[in-house]
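Raw contents of my_file21.cif, mmCIF, C-alpha atoms and all ligand atoms:
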data_run
#
loop_
_atom_site.label_atom_id
_atom_site.label_comp_id
_atom_site.auth_asym_id
_atom_site.auth_seq_id
_atom_site.Cartn_x
_atom_site.Cartn_y
_atom_site.Cartn_z
CA MET A 206 125.74 -189.78 -43.98
CA ASN A 207 123.99 -192.65 -42.17
CA ILE A 208 126.24 -194.77 -40.00
CA VAL A 209 125.20 -197.74 -37.88
CA ILE A 210 127.52 -198.90 -35.12
CA ILE A 211 126.95 -202.32 -33.59
CA ASN A 212 128.52 -203.31 -30.30
CA GLY A 213 128.72 -207.10 -30.29
CA SER A 214 129.90 -207.29 -26.68
CA SER A 215 127.69 -208.24 -23.75
CA ARG A 216 129.16 -205.25 -21.94
CA LYS A 217 127.94 -201.74 -22.63
CA ASN A 218 130.95 -200.14 -21.02
CA GLY A 219 133.69 -202.62 -21.87
CA ALA A 220 136.72 -202.15 -24.10
CA THR A 221 134.80 -202.68 -27.36
CA ALA A 222 132.08 -200.21 -26.37
CA LYS A 223 134.67 -197.60 -25.32
CA ILE A 224 136.41 -197.82 -28.68
CA LEU A 225 133.10 -197.67 -30.57
CA LYS A 226 131.97 -194.62 -28.56
CA GLU A 227 135.27 -192.91 -29.35
CA ILE A 228 134.78 -193.72 -33.05
CA SER A 229 131.30 -192.20 -32.83
CA ASN A 230 132.76 -189.06 -31.23
CA VAL A 231 135.34 -188.73 -33.99
CA LEU A 232 132.70 -189.25 -36.69
CA ASN A 233 130.54 -186.59 -35.07
CA THR A 234 133.24 -184.01 -35.77
CA TYR A 235 132.34 -184.35 -39.47
CA SER A 236 129.25 -182.62 -40.81
CA ASN A 237 125.90 -184.21 -41.67
CA MET A 238 126.43 -187.35 -39.63
CA ASN A 239 123.51 -189.48 -38.52
CA ILE A 240 124.98 -192.12 -36.20
CA GLN A 241 123.14 -194.89 -34.38
CA LEU A 242 125.00 -196.98 -31.82
CA ILE A 243 123.31 -200.25 -30.96
CA HIS A 244 124.40 -202.52 -28.12
CA LEU A 245 123.35 -206.08 -28.91
CA SER A 246 122.94 -206.64 -25.18
CA ASP A 247 120.02 -204.17 -25.26
CA ILE A 248 117.98 -205.92 -27.89
CA LYS A 249 115.61 -208.85 -27.94
CA MET A 250 117.15 -211.46 -30.21
CA GLU A 251 116.25 -215.12 -30.66
CA PHE A 252 118.47 -217.69 -32.36
CA CYS A 253 117.93 -218.46 -36.06
CA ASN A 254 115.95 -221.69 -36.14
CA GLY A 255 117.18 -222.61 -39.63
CA CYS A 256 113.71 -222.86 -41.22
CA TYR A 257 114.78 -220.95 -44.38
CA SER A 258 111.37 -219.23 -44.55
CA CYS A 259 113.14 -215.85 -44.86
CA TYR A 260 114.62 -217.08 -48.15
CA LYS A 261 111.10 -217.39 -49.50
CA THR A 262 109.46 -214.35 -47.90
CA GLY A 263 112.35 -211.94 -47.39
CA THR A 264 111.60 -211.52 -43.68
CA CYS A 265 112.01 -213.62 -40.56
CA PHE A 266 108.80 -214.62 -38.83
CA ILE A 267 110.30 -214.32 -35.32
CA GLN A 268 108.87 -211.29 -33.53
CA ASP A 269 111.83 -209.62 -31.84
CA ASP A 270 114.11 -206.61 -32.50
CA VAL A 271 116.26 -208.16 -35.20
CA GLU A 272 114.34 -207.20 -38.37
CA GLN A 273 114.38 -203.55 -37.30
CA ILE A 274 118.16 -203.57 -36.83
CA ILE A 275 118.73 -205.41 -40.09
CA GLU A 276 116.63 -202.76 -41.85
CA LEU A 277 118.74 -199.99 -40.28
CA ILE A 278 121.99 -201.66 -41.32
CA SER A 279 120.68 -202.31 -44.81
CA LYS A 280 119.97 -198.59 -45.38
CA ALA A 281 123.24 -197.24 -43.95
CA ASP A 282 126.10 -195.74 -45.95
CA GLY A 283 128.54 -197.32 -43.57
CA THR A 284 128.42 -200.00 -40.91
CA ILE A 285 130.84 -200.31 -38.02
CA ILE A 286 130.87 -203.54 -36.06
CA GLY A 287 132.85 -204.19 -32.91
CA THR A 288 133.30 -207.50 -31.17
CA PRO A 289 135.30 -208.89 -28.29
CA THR A 290 137.18 -212.09 -29.06
CA TYR A 291 135.34 -215.04 -27.58
CA GLU A 292 137.14 -218.38 -28.03
CA SER A 293 139.18 -217.00 -30.94
CA ASN A 294 135.95 -216.00 -32.68
CA ILE A 295 133.38 -213.19 -32.81
CA SER A 296 130.91 -213.00 -29.91
CA GLY A 297 127.92 -215.32 -29.87
CA GLN A 298 125.47 -212.41 -30.00
CA LEU A 299 127.09 -211.01 -33.13
CA LYS A 300 127.05 -214.41 -34.81
CA VAL A 301 123.33 -214.74 -34.03
CA LEU A 302 122.68 -211.31 -35.59
CA ALA A 303 124.59 -212.35 -38.72
CA ASP A 304 122.65 -215.64 -38.94
CA ARG A 305 119.29 -213.96 -38.43
CA GLY A 306 120.08 -211.20 -40.94
CA HIS A 307 121.44 -213.58 -43.57
CA PHE A 308 124.11 -210.93 -44.09
CA VAL A 309 125.90 -212.78 -46.89
CA PHE A 310 123.04 -214.21 -48.97
CA GLU A 311 121.03 -210.99 -48.81
CA GLN A 312 124.15 -208.92 -49.58
CA LEU A 313 123.07 -206.79 -46.67
CA LEU A 314 126.05 -204.42 -46.98
CA HIS A 315 125.96 -204.04 -50.77
CA GLN A 316 127.80 -200.83 -51.81
CA GLN A 317 128.45 -199.88 -48.21
CA TYR A 318 131.71 -199.22 -46.42
CA ALA A 319 132.71 -201.02 -43.26
CA LEU A 320 134.98 -200.53 -40.31
CA THR A 321 135.61 -203.32 -37.81
CA VAL A 322 136.88 -203.36 -34.24
CA THR A 323 138.09 -206.48 -32.47
CA THR A 324 139.29 -206.50 -28.89
CA PHE A 325 141.12 -209.38 -27.23
CA GLU A 326 143.14 -210.11 -24.15
CA ASN A 327 145.61 -212.76 -25.06
CA TYR A 328 145.34 -214.90 -28.21
CA GLY A 329 142.90 -215.34 -31.09
CA GLY A 330 142.16 -211.68 -31.83
CA GLY A 331 143.60 -212.06 -35.34
CA ALA A 332 141.31 -215.02 -36.08
CA ALA A 333 138.25 -213.19 -34.73
CA SER A 334 139.11 -210.09 -36.72
CA ARG A 335 139.50 -212.11 -39.94
CA ILE A 336 136.10 -213.75 -39.38
CA LEU A 337 134.46 -210.36 -38.86
CA ASN A 338 136.23 -208.81 -41.85
CA ASN A 339 135.18 -211.71 -44.09
CA LEU A 340 131.59 -211.34 -42.89
CA MET A 341 131.62 -207.69 -43.93
CA THR A 342 133.21 -208.18 -47.35
CA TYR A 343 131.24 -211.34 -48.22
CA SER A 344 128.09 -209.30 -47.38
CA GLY A 345 129.06 -206.76 -50.05
CA ALA A 346 130.86 -204.04 -48.08
CA THR A 347 134.20 -202.47 -48.86
CA LEU A 348 136.35 -202.77 -45.78
CA SER A 349 137.87 -199.34 -45.16
CA ALA A 350 139.60 -200.10 -41.88
CA SER A 351 140.02 -202.88 -39.35
CA ILE A 352 141.16 -202.15 -35.81
CA LYS A 353 142.49 -204.80 -33.43
CA LYS A 354 143.16 -203.89 -29.82
CA LYS A 355 144.90 -206.13 -27.30
CA ILE A 356 143.87 -205.02 -23.84
CA LEU A 357 143.69 -206.53 -20.37
CA PHE A 358 140.19 -207.04 -18.99
CA ASN A 359 138.68 -203.83 -17.61
CA GLU A 360 141.62 -201.66 -18.65
CA ASN A 361 141.00 -198.48 -20.62
CA PRO A 362 141.75 -199.13 -24.32
CA LEU A 363 141.88 -195.44 -25.18
CA ASP A 364 145.55 -194.56 -24.72
CA ALA A 365 146.99 -191.68 -26.76
CA VAL A 366 148.38 -193.94 -29.51
CA THR A 367 145.07 -195.75 -29.96
CA LYS A 368 143.14 -192.48 -30.03
CA LYS A 369 145.42 -191.20 -32.78
CA LYS A 370 145.02 -194.44 -34.72
CA LEU A 371 141.23 -194.25 -34.39
CA GLN A 372 141.23 -190.73 -35.80
CA ARG A 373 143.26 -191.89 -38.81
CA GLU A 374 141.15 -194.98 -39.50
CA VAL A 375 137.83 -193.17 -39.00
CA ARG A 376 138.96 -190.48 -41.44
CA ARG A 377 139.80 -193.16 -44.01
CA PHE A 378 136.33 -194.70 -43.50
CA TYR A 379 134.64 -191.30 -43.81
CA LEU A 380 136.54 -190.33 -46.96
CA ASP A 381 135.89 -193.72 -48.58
CA ILE A 382 132.16 -193.13 -48.13
CA GLU A 383 132.29 -189.53 -49.26
CA LYS A 384 134.31 -190.28 -52.40
CA ARG A 385 132.76 -193.73 -52.94
CA LYS A 386 136.28 -195.05 -53.26
CA ILE A 387 136.89 -198.35 -55.04
CA HIS A 388 139.47 -200.72 -53.54
CA PRO A 389 140.41 -202.78 -56.64
CA PHE A 390 141.59 -205.96 -54.88
CA GLN A 391 138.46 -206.14 -52.71
CA TRP A 392 136.27 -205.32 -55.71
CA VAL A 393 137.66 -208.26 -57.73
CA LYS A 394 137.47 -210.64 -54.76
CA GLN A 395 133.84 -209.67 -54.12
CA LYS A 396 132.89 -210.11 -57.78
CA ILE A 397 134.35 -213.62 -57.78
CA ILE A 398 132.62 -214.61 -54.51
CA PHE A 399 129.23 -213.17 -55.46
CA GLU A 400 129.07 -213.84 -59.21
CA MET A 401 130.71 -217.26 -59.25
CA GLY A 402 129.87 -218.51 -55.79
CA ILE A 403 126.65 -217.14 -54.28
CA LYS A 404 124.75 -216.32 -57.49
CA GLN A 405 125.48 -219.63 -59.21
CA PHE A 406 124.44 -221.59 -56.13
CA VAL A 407 121.19 -219.60 -55.88
CA TYR A 408 120.40 -219.99 -59.61
CA LYS A 409 120.95 -223.75 -59.49
CA LYS A 410 118.83 -224.29 -56.39
CA ALA A 411 116.13 -221.82 -57.51
CA ALA A 412 115.76 -223.72 -60.80
CA LYS A 413 115.17 -226.95 -58.86
CA TYR A 414 112.80 -225.68 -56.14
CA THR A 415 110.17 -223.16 -57.22
CA GLY A 416 110.03 -219.95 -55.21
CA ILE A 417 112.70 -220.99 -52.72
CA PHE A 418 114.73 -217.80 -53.12
CA ASP A 419 111.98 -215.25 -53.85
CA GLY A 420 112.79 -213.38 -50.63
CA VAL A 421 116.50 -213.25 -51.49
CA PHE A 422 115.72 -212.02 -55.01
CA LYS A 423 113.49 -209.31 -53.48
CA HIS A 424 116.45 -208.05 -51.43
CA TRP A 425 118.76 -208.10 -54.45
CA GLU A 426 116.15 -206.18 -56.46
CA ASN A 427 115.84 -203.53 -53.72
CA LYS A 428 119.60 -203.16 -53.77
CA GLN A 429 119.63 -202.88 -57.57
CA ILE A 430 121.88 -205.89 -57.90
CA ASN A 431 121.99 -207.25 -61.43
CA PHE A 432 120.68 -210.85 -61.58
CA LYS A 433 118.37 -213.10 -63.54
CA HIS A 434 115.15 -213.81 -61.71
CA ILE A 435 114.47 -217.56 -61.68
CA GLN A 436 110.90 -218.54 -60.79
C1 LIG A 501 133.61 -216.02 -23.03
C2 LIG A 501 134.88 -215.27 -23.28
C3 LIG A 501 135.81 -215.80 -24.16
C4 LIG A 501 137.01 -215.13 -24.41
N1 LIG A 501 137.90 -215.65 -25.28
C5 LIG A 501 139.04 -215.00 -25.56
C6 LIG A 501 139.99 -215.52 -26.49
O1 LIG A 501 139.80 -216.57 -27.11
N2 LIG A 501 141.13 -214.81 -26.71
C7 LIG A 501 141.40 -213.63 -26.06
O2 LIG A 501 142.46 -213.05 -26.31
N3 LIG A 501 140.51 -213.10 -25.19
C8 LIG A 501 139.34 -213.74 -24.94
N4 LIG A 501 138.43 -213.19 -24.07
C9 LIG A 501 138.69 -211.84 -23.51
C10 LIG A 501 137.95 -210.74 -24.28
O3 LIG A 501 138.05 -210.90 -25.66
C11 LIG A 501 138.51 -209.36 -23.95
O4 LIG A 501 138.55 -209.16 -22.55
C12 LIG A 501 137.69 -208.26 -24.62
O5 LIG A 501 138.45 -207.10 -24.69
C13 LIG A 501 136.40 -207.98 -23.86
O6 LIG A 501 135.69 -206.99 -24.53
P1 LIG A 501 134.55 -206.12 -23.81
O7 LIG A 501 135.22 -205.44 -22.64
O8 LIG A 501 134.11 -205.17 -24.83
O9 LIG A 501 133.47 -207.06 -23.40
C14 LIG A 501 137.26 -213.88 -23.76
C15 LIG A 501 136.30 -213.36 -22.88
C16 LIG A 501 135.13 -214.04 -22.63
C17 LIG A 501 134.12 -213.44 -21.68
#

Rewrite the coordinates I just gave you, this time as structure tokens.
Ligand SMILES: Cc1cc2nc3c(=O)[nH]c(=O)nc-3n(C[C@H](O)[C@H](O)[C@H](O)COP(=O)(O)O)c2cc1C
Amino acid sequence: MNIVIINGSSRKNGATAKILKEISNVLNTYSNMNIQLIHLSDIKMEFCNGCYSCYKTGTCFIQDDVEQIIELISKADGTIIGTPTYESNISGQLKVLADRGHFVFEQLLHQQYALTVTTFENYGGGAASRILNNLMTYSGATLSASIKKKILFNENPLDAVTKKKLQREVRRFYLDIEKRKIHPFQWVKQKIIFEMGIKQFVYKKAAKYTGIFDGVFKHWENKQINFKHIQ
């Protein structure tokens, strides 16, 4: 089972990282796990410059580490993303990764399972968590579990209750992947968003501007998504 864990915090040993490392430890107690933990603070990542050339070609022309990470995420069975709450939102780094990877349009997490972690200190953790959860489900993943942890800066988030909760939620995530479990409400919501929202928008625009979405169609084809190719 291939799992990618992304730490969206600037800190490699902060609360988010500690929770993600604990999740990795729990996952490692199951057999056949291939886990990669990536700290966004370690990678070279430019902002998206909004040129839309990736829509046409399927890849971003900027030469940094992002394409490699997007490729890893795209091939995983499950993706775990953790973020601290910054201004009642996900971290800037994580937002840049999502922009650069065109998570939603490319359906980067199609048929994957997701687990999210959001840490916060005071207020806005719920909003940040919802934003992250929507990012995962709009990108095609089934959200197996979402963990929110309120914790004072530099305090250890791994108390006994949290550790127990992590074990439970990680098990749910693992079993969802193993059994390819369908969550009916999420399934219907995703169908509506993708079939009636994203696809229809793409079809309309692709019919007007030749070749504009060839790169997006290439990604959908690779993911065996059913669509009509408009050239
Ligand atoms: C720039 C910045 C903005 C923040 N904004 C919020 C916020 O809106 N709400 C909140 O509860 N905590 C906020 N925090 C606190 C962090 O979310 C919290 O300390 C988090 O657990 C840090 O995670 P880390 O240790 O993994 O970096 C902010 C911290 C920073 C550095």

* Asked: Quick one: residues within 8 Å of A:Gly330, only C-alpha atoms counted, chain neighbours fewer than 2 positions away excluded, as an NGL selection string?
  -> :A and (290 or 293-294 or 323-328 or 332-334 or 353 or 355)

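Checking A:Tyr257, A:Asp304, A:Gly287, A:Ile295 one by one against A:Val271, counting all atoms listed in the file, you find the shortest gap at A:Asp304.
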
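Nearest residue to A:Phe308, choosing from A:Phe390, A:Tyr414, A:Trp425, A:Phe358 and counting all atoms listed in the file: A:Trp425.
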
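Each of A:Ile248, A:Ile435, A:Ile211, A:Ile398 was compared to A:Gln312 using all atoms listed in the file, and A:Ile398 turns out to be the nearest.
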
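Within a radius of 10 Å around (122.5, -198.9, -45.8), the polymer residues are Met206, Asn207, Ile208, Val209, Ile275, Glu276, Leu277, Ile278, Ser279, Lys280, Ala281, Asp282, Gly283, Thr284, Leu313, Leu314, His315, Gln316, Gln317, Tyr318 and Lys428 of chain A, counting only C-alpha atoms.
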
* Given all atoms listed in the file as the counted atoms, nearest of A:Gly402, A:Gly306, A:Gly255, A:Gly219 to ligand LIG 501 (chain A) -> A:Gly219

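Proximity ranking of A:His307, A:Lys249, A:Lys396, A:Lys354 relative to ligand LIG 501 (chain A) places A:Lys354 first, based on all atoms listed in the file.
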
I'd like the neighbourhood of stretch 244-246 of chain A as a JSON list (two decimals) with C-alpha atoms, in the coordinates of the input, where a residue qualifies if any of its atoms comes within 6 Å (using all atoms listed in the file), though same-chain residues fewer than 6 positions away should be ignored.
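Final output, part.json:
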[["chain", "number", "residue", "atom", "x", "y", "z"],
["A", 212, "ASN", "CA", 128.52, -203.31, -30.30],
["A", 213, "GLY", "CA", 128.72, -207.10, -30.29],
["A", 215, "SER", "CA", 127.69, -208.24, -23.75]]

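Between ligand LIG 501 (chain A) and the residues A:Thr288, A:Ser344, A:Gln405, A:Ser236, the shortest atom-to-atom distance, using all atoms listed in the file, involves A:Thr288.
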
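Between atom O6 of ligand LIG 501 (chain A) and atom CA of A:Arg216 the separation is 7.2 Å.
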
* Polymer residues at most 12 Å from A:Phe266, all atoms listed in the file, same-chain spacing of 4 or more positions, as a PyMOL selection string -> chain A and resi 251+253-262+270-272+305-306

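The gap separating atom CA of A:Tyr379 from atom CA of A:Glu400 is 27.9 Å, in Å to one decimal.
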